[in-house]
Structures are given as structure tokens and as C-alpha cells.
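Structure first, then comments.
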Amino acid sequence: MSERETNVVTPTHVPTEPWTATALRSLVHGIVAVVATIPIAVPAGVLSAALGAAVGAVVGRAVSGSRLRVLGAAIGTLGACAVVVAVRSLLADGPSLAASVGPESAASIADAWSFGAGAFVFSALLRFASARRRTLAILEVVAIGLAFAQLVRAHRYGAINRPFEIADPILVRGGDPTIAIAILGGVALFVIALFLLSERSVLRSVFHVAVLMMLLLGGGTAVYLHGADDPFADDPLGLQGKGKNEKDQKDKKTDKSERPNDELEFRDNYDRPKNPPPIGVVLFHDEYSPPFGMYYFRQGAFSQFNGARLVQATRSDVDQDIADGFPTTTYRVKEAPLVGAYRSTVDTTVGLLADHTRPFGLEAPLVFSPEANPNPRRFRRMYRVTSAPIMTGYEELLGHDVGAPSWTEDERRHYTEAPSDPRYKELAERIVNEMLPDYLRADPVAQAIAVTAWLGQNGTYSLRSKHADAEDPTAHFLFGDLTGYCVHFAHAGVFLMRSIGIPTRVATGYAVPESNRQGGSGLVVTGADAHAWPEVYIDGFGWVVTDVSPAKVLSPAPPPPDPDLQRLLAELMRGEKPLADDAQAREDFGAVFRRWFDGAKRFLGGALAGALVFLVLAKIWRALVPLVASKRSRARVTYRAALDRLSELGRRRRIGETREAFARRLSGEFPHFVALTDAHLAEVFGEGAPSDPRPLLRAVVRERRALPFWRRALGTLSPWSWLRTR
């Protein structure tokens with residue numbers, strides 16, 4: 001074999017690829033097309049996209065051996081997309097197709113064409129680019145990742161009911177959609193492994209798969225040793241954490257000296273997620289509408305002044321109404337408020353989706369008791385709380401004294417100790433004198449209301465503040481720009497009220513708008529609901545929430561929870577099977593299968609018709625393009641047209657056979673094909689075609705007449721004969 005014959009085995013610089021590698025990549029492209037289109041396409045469109053992507057991968061690899069440039073392929077892709085859109089408009093909006101097959105079938109055919117042709121074009125471009133430049137194979141890996149990521153993107157932020165097409169069939173049977181999401185992740189890794197195995201070099205494929213397995217092993221080991229990333233590790237209020245396990249609790253309570261998170265943290269430029277996942281669900285067993293439009297779930301209290309800020313009390317005779325620990329048996333909260341005309345009992349069940357340092361309960365918990373967990377895979381803990389929330393507004397509290405008569409002077413001093421900075425008292429007295437009429441200025445409850453109202457009117461709520469580095473962050477906030485978040489407002493309110501002798505403390509927990517319940521019995525609590533607020537002790541009422549509501553808000557509240565997710569979590573807490581019973585589930589699955597089967601039948605007709613039209617048009621174009629080709633490419637496209645005409649008769653170049661050897665083998669039947677081959681090779685190697693090669697093509701066509709007519713007719717009518725041209 002001559003040197004020239006050896007060079008023309010592969011017409012360009014693109015290395016050859018085993019058919020197994022081409023088949024694997026074609027399979028990967030088909031799978032990715034299914035994953036990418038299944039949420040948005042009808043069954044006919046999904047199947048068409050899979051077929052189009054698989055064929056596009058093969059065609060893209062074949063075209064990569066031509067002289068077409070990457071830039072030219074990209075420009076051609078834009079033109080092809082325009083054609084796809086135009087044909088889709090004709091199919092969907094044209095009256096002829098709808099009149100002949102019906103509107104529904106016409107829509108299915110249009111979808112099958114648009115998704116199939118679009119997947120073909122996109123897949124062919126990706127495959128062409130990665131074959132030409134090996135580094136561009138990263139685009140195919142990115143396409144795999146994006147396809148699987150968009151399929152489960154709705155599952156972010158703890159939405160276990162999303163995506164509906166995956167979650168609903170599992171939930172109706174009492175399963176956990178998270179398992180399906182994990183399986184999808186495994187499928188994605190399997191598809192990436194298939195892609196890596198399609199490398200031209202076996203050693204390179206093994207190396208890539210080994211690297212993938214090492215990364216997975218490393219990630220799994222890290223999760224096993226350190227646990228999965230906590231979406232609320234950034235927890236400035238100290239509400240979440242590992243806490244104590246029930247087995248580690250010697251008694252039904254934990255000693256207060258062992259409590260973690262004994263100090264509230266002042267943060268600068270504190271961020272929270274835009275769509276925080278749920279960290280707990282509260283199930284109401286009684287009707288309760290809070291008088292201030294907000295549900296307050298108290299978890300902790302900070303009442304001890306350490307000279308700069310409030311910390312958790314180290315003494316055992318204060319803040320005894322705070323829950324000591326997660327209940328293993330029923331226990332009553334010490335110093336709980338009395339139930340009477342202004343407080344009524346409300347029973348709730350709390351299911352925690354994330355670890356906490358201690359339990360939280362609706363404002364003023366009375367009793368904590370353990371609750372059976374019907375779904376341990378979903379909920380970390382479950383317990384019941386009987387609370388005594390206040391049922392009246394502030395107007396009923398006026399005229400009452402503050403502080404408990406049973407308090408000692410030391411206890412009262414504990415709840416009224418404040419910074420020595422005289423500006424606190426000066427500002428508090430000015431607020432009282434400016435905002436209250438004369439007959440209310442001596443009323444401590446009215447004074448507390450005036451302080452919180454003034455802070456709300458003049459303060460600006462923003463997570464982007466800068467006070468943490470100050471010696472007294474509260475003073476820096478209060479006597480500075482009055483811009484901060486709940487920790488700043490709560491401390492400011494408490495210090496102002498304490499400066500004029502009102503016993504107060506900062507309570508922490510969660511504050512959730514009543515509107516978030518949306519008429520149901522369940523209420524989702526997220527990390528974004530974490531809150532700190534002032535509380536005043538009023539004789540006969542106990543600790544009463546006196547929260548600050550800033551009128552100016554620069555950091556808006558997160559959106560309310562998904563009502564479907566809220567309902568689903570409430571049903572899981574009750575131990576119910578969401579959505580439907582088994583019979584209904586089977587019926588739903590049957591309807592899904594029937595819908596897919598009907599769509600598949602409609603797809604077959606549309607896909608076959610579309611494929612036939614594509615094959616015929618491509619064959620006609622390849623046959624006619626020599627008539628309009630430029631002088632530069634005339635020999636190449638003319639030679640290709642001759643190969644197509646010979647392929648119709650079963651005369652095809654064998655694998656490994658050079659073009660010159662192929663021409664010599666056919667020289668007895670088609671002597672003019674030898675001259676046409678020489679013209680093509682002369683153009684390929686830059687020698688220039690000796691003359692117009694189109695007359696040679698016509699001569700080859702005439703030489704076909706020596707073969708039987710039926711053989712020529714069958715070859716001409718075959719729409720796919722050109723696919724085997726080599």
C-alpha cells in the first residue's frame with residue numbers, strides 16, 4: 001500500500017473510533033434526551049427526542065471527519081434550529097394536518113418533530129465538537145449533569161413533594177421520594193460512567209472511571225465521617241444543633257448549666273437562604289388565632305446581663321418556664337403561666353426535620369410529652385406540647401403591674417439589670433413622654449408598648465448591618481443608624497425597658513405568620529423563621545411577647561411554604577398515606593401507563609413519517625448539491641453523490657479499504673468512477689481538480705444501466721441507502 005493510500009483511509013485529522021464507542025455515546029445521548037424532556041414533553045416527544053439525540057450523536061461523529069469547521073457547524077446549527085421552528089409552526093398551526101389526523105394527533109406530531117429534530121441538532125453539534133476537539137467533551141458531561149439536575153431541581157430546599165411526576169406515585173404508596181432522588185443520582189453517575197467508557201483508549205476509559213469512583217468514595221467517606229452538610233449550619237440564634245439524644249438524658253430534663261448556645265450572636269452582613277428548607281412541622285389540634293397575627297414558638301431565653309449583652313442564665317431560680325430537654329416521659333414546665341380568662345390551652349404536635357438543642361413550643365408551653373414517630377426516616381423527633389398562649393391584645397394588659405410578687409429582690413434585679421450607659425434611660429424616658437398621654441406614662445405595660453412601637457417606627461430591618469465589632473453592639477445599633485435584625489431590636493427593646501425598671505428578657509425561637517397556615521392544621525417552620533423578641537413579665541399573665549415590627553424592611557421575608565408540601569408533611573406526621581389509597585394508586589398508575597401507551601402509538605406514526613421525510617429530503621439534497629456546489633467543494637460533493645448511487649446497488653467501500661483500492665475494485669463495472677476518485681483525491685490533497693467532475697458522475701450513472709432495472713429501482717426508492725455510504 002502506498003503512502004498516499006495510507007493517508008486517505010481517514011479523510012481528516014479526527015482519529016477513528018470503534019463502533020462500540022460510537023454506540024455507547026449514542027446511547028448516552030438518547031438517555032440524556034429522555035431525562036431532559038420527560039418533565040416537559042408528551043410521551044411522543046420524549047421518544048422522538050431520544051431517537052433524534054441517538055441519531056444525532058452518530059451523524060455528528062460522522063460529520064466530524066469532514067472538512068466542516070466548528071464555527072461553520074455552529075452557524076449551521078442556528079440555521080437548522082430555524083428550520084425546526086418553521087416546520088413545527090407549519091405542523092402545529094397548519095390546517096391540513098389537523099384536518100386529516102385530528103387536532104390532538106397533529107399536536108403530538110408537531111411535538112414529536114420539534115423535540116426529535118431539536119435533540120438531533122443539539123446532539124449532533126455536541127458530538128461534532130467533542131470529536132473535533134477532545135477538550136470540548138466536557139460539554140457532553142455538562143449536558144448530562146444539567147439534564148439530571150433540572151429533573152430534580154424542584155426537590156431543592158427540602159421539597160419532598162417535588163418534582164410531582166416523581167414524588168406523587170411514590171407518596172401514594174407510602175414511599176419516600178428521597179430514595180428515588182438518590183436512585184436518580186446513581187443513574188446519573190452510571191450514565192457518566194458509560195460516557196467515560198466510550199473513550200477511544202481502553203486505558204483512558206479505565207482511568208476516567210477509576211477517578212470517578214475515587215471521587216465518589218472520597219465524598220461518601222467525608223459524609224460518613226463528618227455528616228452531610230447542614231443547610232442551617234449558619235445559625236446565629238443557636239436554635240439548631242445536635243442536641244442530646246434521649247438515651248443520653250438521665251432524667252426527663254437537662255441541667256441548665258449544661259445547655260449549649262448560651263450567648264446570642266451579633267452578626268454583620270448575615271445572609272439567609274432565599275428558599276429555606278423546612279426544619280419542623282407543627283400540627284394544631286385546637287383552633288387558635290394569635291392576637292398579633294404571628295405564631296411565636298419559644299425555645300430559649302436570655303436574661304442574664306454579662307456587662308455587654310444578654311446571655312443564658314447560669315442560676316437555677318430564673319427562666320424556669322423554658323423547656324429543659326426533649327421529653328422521654330411527660331413533664332410539666334416549672335413556673336408556667338396560669339390558664340384563665342386571658343390564656344387558654346392549645347395542643348400541638350411538633351415534628352422536627354432537623355436537630356435542635358432543645359424543644360420549642362407555642363408561646364408559653366405547659367406540658368411536654370413524647371409522641372410516637374410514624375415516619376422515622378423523615379422526622380428526627382416528634383413530641384406533643386400543651387401551651388397556654390395569650391388570647392387578648394395589649395389593651396387588656398394595661399393597668400397591671402410588672403414582675404411577679406413572689407420574686408426576691410435579687411430575682412427582680414436579674415431581670416432589670418442593664419448597661420450603665422445613661423443614654424438608654426434618657427431615650428426610654430423621652431419615648432414614654434413623647435408617645436404616651438399623661439394618664440398612661442406611669443403604666444409599665446404602656447411604657448413597654450411605647451418602647452417597642454418607637455423602635456418599630458424608627459428602626460430599619462436589614463441583615464446587612466455592621467455592629468458586631470463594637471464594644472456594645474446594641475448601643476452602636478440603637479444610637480447609630482438603627483439598622484439591624486431581630487437580635488439588635490430585641491436587645492435594644494430589653495435594655496430600654498430595663499433602664500426604666502421593667503423586668504424583661506430576650507426570648508428566642510421561631511415566629512411564623514398566621515397566614516402561612518393557609519387554612520390547614522399543619523404549619524411548616526423554616527430556618528428563616530428563626531427570631532428573637534423581647535418579653536415582659538406581667539403580673540397575672542406571665543411572660544408576654546412584646547415584639548418589635550420595623551416599618552422599614554430592607555431584607556424581605558422569605559415566601560410562604562409550598563401549601564402542597566405543608567399538607568403532605570402534616571399527613572406524614574399523622575401517619576396517613578398521602579394523596580390516595582392503594583386502589584387509587586393502582587388506578588393512577590394504570591392511567592399513566594395508558595396515557596404513555598396512547599402517546600407512543602401517536603408517536604410511532606409521527607416519528608416514522610418525520611424520519612421518512614428527513615431521509616428522503618437528505619437523499620435528494622445529497623444528489624442535487626453537485627449542481628450548485630462551489631468550485632472548491634465540487635469534486636468532494638460530486639464524489640459523495642457517486643458513492644450514494646453506488647451504495648443504492650450495494651457497492652460500498654469496505655472497512656479499511658482505501659478510496660483508490662475501492663475504485664480499482666469497481667473499475668470493471670464503473671470505469672469512470674476511477675477518474676472521479678482521482679479528481680476527488682486531487683482536490684483533497686490540494687492539487688486541484690483537473691476539470692469539472694460532474695460529467696464523470698453522469699457517466700457513472702449511465703454505467704448503472706448495465707444492472708437489472710429492478711435493482712436500480714429499489715435502490716433509488718430506498719430512502720436510507722445513503723446512510724451506509726462510506
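Labels used: A, B, ... for chains in the order of the C-alpha cells, numbers from 1 for residues in each chain, and numbers from 1 for ligands as shown.
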Pull the alpha helix (DSSP H) assignments for region 9-154 of chain A out of DSSP run on the backbone, and list those residues as a ChimeraX atom specification. /A:19-37,43-63,70-93,95-101,103-132,137-152
So which residues touch region 261-275 of chain A within 7 Å, counting only C-alpha atoms, skipping near sequence neighbours fewer than 6 positions away, as a PyMOL selection string? chain A and resi 157+236-238+311-312+463-468+487+528+558
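Of the residues under consideration (A:Lys619, A:Arg423, A:Arg332, A:Arg298), A:Lys619 shows the shortest atom-to-atom contact distance to Trp720 (chain A) when counting only C-alpha atoms.
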Please report, as number ranges by chain, each residue of region 279-512 of chain A to which DSSP assigns strand (DSSP E or B) when run on this structure's backbone. A: 279-284, 294-302, 304-305, 310-311, 331-332, 343, 346-352, 356, 361-362, 365-370, 381-387, 390, 402, 460-461, 483-484, 504-512
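For the atom pair formed by CA of Leu397 (chain A) and CA of Val445 (chain A), the distance is 6.9 Å, given to one decimal.
By chain and then residue number, the residues within 6 Å of region 276-286 of chain A are Tyr157, Gly158, Val346, Asp347, Thr348, Thr349, Val350, Gly351, Leu352, Leu353, Ala354, Ser521, Gly522, Leu523, Val524, Val525 and Thr526 of chain A, counting only C-alpha atoms and disregarding those fewer than 4 positions away in sequence.
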Keeping only all heavy atoms, take the residues you just selected and write them out as a CSV table (one decimal), in the first residue's frame.
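The resulting file, selection_4.csv, is shown below:
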chain,number,residue,atom,x,y,z
A,157,TYR,N,-34.3,22.6,48.6
A,157,TYR,CA,-34.9,23.2,49.8
A,157,TYR,C,-35.9,22.4,50.6
A,157,TYR,O,-36.8,22.8,51.1
A,157,TYR,CB,-35.5,24.6,49.4
A,157,TYR,CG,-34.7,25.4,48.5
A,157,TYR,CD1,-35.1,25.8,47.3
A,157,TYR,CD2,-33.4,25.9,49.0
A,157,TYR,CE1,-34.3,26.6,46.5
A,157,TYR,CE2,-32.6,26.6,48.2
A,157,TYR,CZ,-33.1,27.0,46.9
A,157,TYR,OH,-32.3,27.8,46.1
A,158,GLY,N,-35.7,21.0,50.5
A,158,GLY,CA,-36.5,20.2,51.3
A,158,GLY,C,-37.9,19.9,50.8
A,158,GLY,O,-38.7,19.4,51.6
A,346,VAL,N,-53.8,25.1,74.2
A,346,VAL,CA,-53.8,24.7,72.8
A,346,VAL,C,-52.8,23.5,72.7
A,346,VAL,O,-51.7,23.6,73.1
A,346,VAL,CB,-53.3,25.9,71.9
A,346,VAL,CG1,-53.2,25.4,70.4
A,346,VAL,CG2,-54.3,27.0,72.0
A,347,ASP,N,-53.3,22.5,72.1
A,347,ASP,CA,-52.4,21.3,72.0
A,347,ASP,C,-51.8,21.3,70.6
A,347,ASP,O,-52.5,21.5,69.6
A,347,ASP,CB,-53.2,20.0,72.2
A,347,ASP,CG,-53.5,19.7,73.6
A,347,ASP,OD1,-52.7,20.2,74.5
A,347,ASP,OD2,-54.5,19.1,73.9
A,348,THR,N,-50.6,21.0,70.5
A,348,THR,CA,-49.9,20.9,69.2
A,348,THR,C,-48.9,19.7,69.2
A,348,THR,O,-48.5,19.2,70.3
A,348,THR,CB,-49.0,22.1,68.9
A,348,THR,OG1,-48.1,22.3,70.0
A,348,THR,CG2,-49.9,23.3,68.7
A,349,THR,N,-48.6,19.1,68.1
A,349,THR,CA,-47.6,18.1,67.9
A,349,THR,C,-46.5,18.7,67.0
A,349,THR,O,-46.8,19.3,66.0
A,349,THR,CB,-48.2,16.8,67.3
A,349,THR,OG1,-49.2,16.3,68.2
A,349,THR,CG2,-47.1,15.8,67.1
A,350,VAL,N,-45.3,18.5,67.4
A,350,VAL,CA,-44.1,19.1,66.7
A,350,VAL,C,-43.3,17.9,66.1
A,350,VAL,O,-42.9,17.0,66.9
A,350,VAL,CB,-43.3,20.0,67.6
A,350,VAL,CG1,-42.1,20.5,66.8
A,350,VAL,CG2,-44.1,21.1,68.2
A,351,GLY,N,-43.1,18.0,64.8
A,351,GLY,CA,-42.2,17.0,64.2
A,351,GLY,C,-41.0,17.8,63.7
A,351,GLY,O,-41.1,18.7,62.9
A,352,LEU,N,-39.8,17.4,64.1
A,352,LEU,CA,-38.5,18.1,63.8
A,352,LEU,C,-37.9,17.4,62.6
A,352,LEU,O,-37.7,16.1,62.6
A,352,LEU,CB,-37.6,18.1,65.0
A,352,LEU,CG,-38.0,18.9,66.2
A,352,LEU,CD1,-36.9,18.9,67.3
A,352,LEU,CD2,-38.3,20.4,65.8
A,353,LEU,N,-37.6,18.1,61.6
A,353,LEU,CA,-36.9,17.6,60.4
A,353,LEU,C,-35.4,17.9,60.5
A,353,LEU,O,-34.6,17.4,59.7
A,353,LEU,CB,-37.4,18.3,59.2
A,353,LEU,CG,-38.9,18.0,58.9
A,353,LEU,CD1,-39.4,19.0,57.9
A,353,LEU,CD2,-39.1,16.6,58.4
A,354,ALA,N,-34.9,18.6,61.5
A,354,ALA,CA,-33.5,18.9,61.7
A,354,ALA,C,-33.3,18.9,63.2
A,354,ALA,O,-34.2,19.1,64.0
A,354,ALA,CB,-33.2,20.3,61.2
A,521,SER,N,-54.3,22.5,59.1
A,521,SER,CA,-54.0,22.3,60.5
A,521,SER,C,-52.5,22.2,60.7
A,521,SER,O,-52.0,22.2,61.9
A,521,SER,CB,-54.6,21.0,61.0
A,521,SER,OG,-54.2,19.8,60.3
A,522,GLY,N,-51.7,22.0,59.6
A,522,GLY,CA,-50.2,21.9,59.7
A,522,GLY,C,-49.6,23.3,59.4
A,522,GLY,O,-50.1,24.1,58.6
A,523,LEU,N,-48.4,23.5,60.0
A,523,LEU,CA,-47.7,24.7,59.8
A,523,LEU,C,-46.2,24.4,59.7
A,523,LEU,O,-45.6,23.8,60.6
A,523,LEU,CB,-47.9,25.7,61.0
A,523,LEU,CG,-47.2,27.1,60.9
A,523,LEU,CD1,-47.7,27.9,59.7
A,523,LEU,CD2,-47.3,27.8,62.2
A,524,VAL,N,-45.6,24.7,58.5
A,524,VAL,CA,-44.2,24.4,58.3
A,524,VAL,C,-43.4,25.5,58.9
A,524,VAL,O,-43.7,26.7,58.8
A,524,VAL,CB,-43.9,24.3,56.8
A,524,VAL,CG1,-42.4,24.4,56.5
A,524,VAL,CG2,-44.4,23.0,56.3
A,525,VAL,N,-42.3,25.2,59.6
A,525,VAL,CA,-41.4,26.1,60.2
A,525,VAL,C,-40.0,26.0,59.5
A,525,VAL,O,-39.5,24.8,59.4
A,525,VAL,CB,-41.2,25.9,61.7
A,525,VAL,CG1,-40.2,26.8,62.4
A,525,VAL,CG2,-42.6,25.9,62.5
A,526,THR,N,-39.5,27.0,59.1
A,526,THR,CA,-38.2,27.0,58.4
A,526,THR,C,-37.2,27.8,59.2
A,526,THR,O,-37.5,28.5,60.1
A,526,THR,CB,-38.3,27.6,57.0
A,526,THR,OG1,-38.5,29.1,57.1
A,526,THR,CG2,-39.5,27.1,56.2
Tell me which protein, DNA and RNA residues are within 12 Å of Arg704 (chain A), counting only C-alpha atoms, leaving out same-chain ones fewer than 6 positions away, and put them as number ranges by chain. A: 642, 645-651, 666, 668-673, 697-698, 710-713, 715-716
Determine, counting only C-alpha atoms, which protein, DNA and RNA residues have an atom within 12 Å of an atom of Tyr639 (chain A); residues of the same chain fewer than 2 positions away are not included. Present the result as a ChimeraX atom specification. /A:622-623,625-626,633-637,641-646,659,663,672-684,689,692-698,700,725-726
Please save N, CA and C atoms of the selected residues as a CSV table (one decimal), in the first residue's frame.
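Writing done, so here's again-v7.csv:
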chain,number,residue,atom,x,y,z
A,622,ARG,N,-28.4,15.5,-1.2
A,622,ARG,CA,-27.1,15.0,-1.5
A,622,ARG,C,-26.9,14.7,-3.0
A,623,ALA,N,-28.0,14.4,-3.6
A,623,ALA,CA,-28.0,14.1,-5.1
A,623,ALA,C,-27.9,15.4,-5.9
A,625,VAL,N,-26.9,18.6,-4.7
A,625,VAL,CA,-25.9,19.6,-4.3
A,625,VAL,C,-24.8,19.8,-5.3
A,626,PRO,N,-24.4,18.7,-6.0
A,626,PRO,CA,-23.3,19.0,-7.0
A,626,PRO,C,-23.7,20.0,-8.1
A,633,SER,N,-15.5,22.9,-3.6
A,633,SER,CA,-16.0,21.7,-3.0
A,633,SER,C,-16.7,20.8,-4.0
A,634,ARG,N,-16.7,21.2,-5.3
A,634,ARG,CA,-17.5,20.4,-6.3
A,634,ARG,C,-17.0,19.0,-6.4
A,635,ALA,N,-15.7,18.7,-6.4
A,635,ALA,CA,-15.2,17.4,-6.6
A,635,ALA,C,-15.7,16.5,-5.4
A,636,ARG,N,-15.6,17.1,-4.2
A,636,ARG,CA,-16.0,16.3,-3.0
A,636,ARG,C,-17.4,15.9,-3.0
A,637,VAL,N,-18.4,16.9,-3.2
A,637,VAL,CA,-19.8,16.5,-3.2
A,637,VAL,C,-20.2,15.7,-4.4
A,641,ALA,N,-21.9,12.1,-4.1
A,641,ALA,CA,-23.1,11.7,-4.8
A,641,ALA,C,-22.9,10.4,-5.6
A,642,ALA,N,-21.7,10.2,-6.2
A,642,ALA,CA,-21.5,8.9,-6.9
A,642,ALA,C,-21.5,7.8,-5.9
A,643,LEU,N,-20.9,8.0,-4.7
A,643,LEU,CA,-20.9,6.9,-3.7
A,643,LEU,C,-22.3,6.6,-3.3
A,644,ASP,N,-23.2,7.6,-3.2
A,644,ASP,CA,-24.6,7.3,-2.9
A,644,ASP,C,-25.3,6.4,-3.9
A,645,ARG,N,-25.0,6.8,-5.2
A,645,ARG,CA,-25.6,6.0,-6.3
A,645,ARG,C,-25.1,4.6,-6.3
A,646,LEU,N,-23.8,4.4,-6.0
A,646,LEU,CA,-23.3,3.0,-5.9
A,646,LEU,C,-23.8,2.3,-4.7
A,659,ARG,N,-9.8,4.6,-0.8
A,659,ARG,CA,-10.7,5.0,-1.9
A,659,ARG,C,-10.1,4.6,-3.3
A,663,ALA,N,-12.0,2.1,-5.9
A,663,ALA,CA,-12.2,2.4,-7.3
A,663,ALA,C,-11.7,1.3,-8.3
A,672,HIS,N,-15.6,4.9,-15.2
A,672,HIS,CA,-15.5,6.3,-15.0
A,672,HIS,C,-15.4,6.7,-13.5
A,673,PHE,N,-15.7,5.8,-12.6
A,673,PHE,CA,-15.6,6.0,-11.2
A,673,PHE,C,-14.1,6.2,-10.8
A,674,VAL,N,-13.2,5.5,-11.5
A,674,VAL,CA,-11.8,5.6,-11.2
A,674,VAL,C,-11.3,7.1,-11.4
A,675,ALA,N,-11.7,7.6,-12.5
A,675,ALA,CA,-11.4,9.0,-12.8
A,675,ALA,C,-12.0,10.0,-11.8
A,676,LEU,N,-13.2,9.7,-11.4
A,676,LEU,CA,-13.9,10.6,-10.4
A,676,LEU,C,-13.2,10.5,-9.1
A,677,THR,N,-12.7,9.3,-8.7
A,677,THR,CA,-12.0,9.2,-7.5
A,677,THR,C,-10.7,10.0,-7.5
A,678,ASP,N,-9.9,9.9,-8.7
A,678,ASP,CA,-8.7,10.6,-8.8
A,678,ASP,C,-9.0,12.1,-8.7
A,679,ALA,N,-10.1,12.6,-9.3
A,679,ALA,CA,-10.4,14.0,-9.2
A,679,ALA,C,-10.7,14.4,-7.7
A,680,HIS,N,-11.4,13.6,-7.0
A,680,HIS,CA,-11.6,13.9,-5.6
A,680,HIS,C,-10.4,13.9,-4.7
A,681,LEU,N,-9.5,12.9,-4.9
A,681,LEU,CA,-8.2,12.9,-4.2
A,681,LEU,C,-7.3,14.1,-4.5
A,682,ALA,N,-7.3,14.5,-5.8
A,682,ALA,CA,-6.5,15.6,-6.2
A,682,ALA,C,-7.0,16.9,-5.4
A,683,GLU,N,-8.3,17.0,-5.3
A,683,GLU,CA,-8.8,18.2,-4.6
A,683,GLU,C,-8.5,18.1,-3.1
A,684,VAL,N,-8.6,16.9,-2.5
A,684,VAL,CA,-8.3,16.7,-1.1
A,684,VAL,C,-6.9,17.1,-0.7
A,689,ALA,N,-8.7,20.0,-8.7
A,689,ALA,CA,-9.4,19.1,-9.6
A,689,ALA,C,-9.0,19.4,-11.0
A,692,ASP,N,-14.0,19.8,-14.5
A,692,ASP,CA,-15.3,19.7,-13.8
A,692,ASP,C,-15.6,18.2,-13.7
A,693,PRO,N,-15.8,17.7,-12.4
A,693,PRO,CA,-16.1,16.3,-12.3
A,693,PRO,C,-17.5,15.8,-12.5
A,694,ARG,N,-18.4,16.8,-12.8
A,694,ARG,CA,-19.8,16.4,-12.9
A,694,ARG,C,-20.1,15.5,-14.1
A,695,PRO,N,-19.4,15.7,-15.2
A,695,PRO,CA,-19.7,14.8,-16.3
A,695,PRO,C,-19.3,13.3,-16.0
A,696,LEU,N,-18.3,13.2,-15.1
A,696,LEU,CA,-17.9,11.8,-14.7
A,696,LEU,C,-19.0,11.2,-13.9
A,697,LEU,N,-19.7,12.0,-13.0
A,697,LEU,CA,-20.9,11.5,-12.3
A,697,LEU,C,-21.9,11.0,-13.2
A,698,ARG,N,-22.2,11.8,-14.3
A,698,ARG,CA,-23.3,11.4,-15.2
A,698,ARG,C,-22.9,10.1,-15.9
A,700,VAL,N,-21.0,7.7,-14.6
A,700,VAL,CA,-21.2,6.6,-13.6
A,700,VAL,C,-22.7,6.2,-13.6
A,725,THR,N,-23.4,4.8,3.0
A,725,THR,CA,-22.3,5.3,2.2
A,725,THR,C,-21.0,5.4,3.0
A,726,ARG,N,-19.9,4.9,2.6
A,726,ARG,CA,-18.7,5.0,3.3
A,726,ARG,C,-17.6,5.6,2.4
Might you pull out every residue within 9 Å of Thr77 (chain A), with only C-alpha atoms counted and same-chain residues fewer than 3 positions away left off, and present them as JSON, numbers by chain? {"A": [72, 73, 74, 80, 81, 82, 121, 122, 124, 125]}
Ranking A:Phe115, A:Pro719, A:Thr392, A:Thr408 by minimum distance to Val42 (chain A) and counting only C-alpha atoms, which one comes first? A:Phe115
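Neighbouring residues of Ala301 (chain A) at 8 Å or closer, counting only C-alpha atoms and skipping chain neighbours under 2 positions away, are A:Gln299, A:Ser303, A:Gln312, A:Asp319, A:Ile322, A:Arg505, A:Val506, A:Ala507, A:Thr508.
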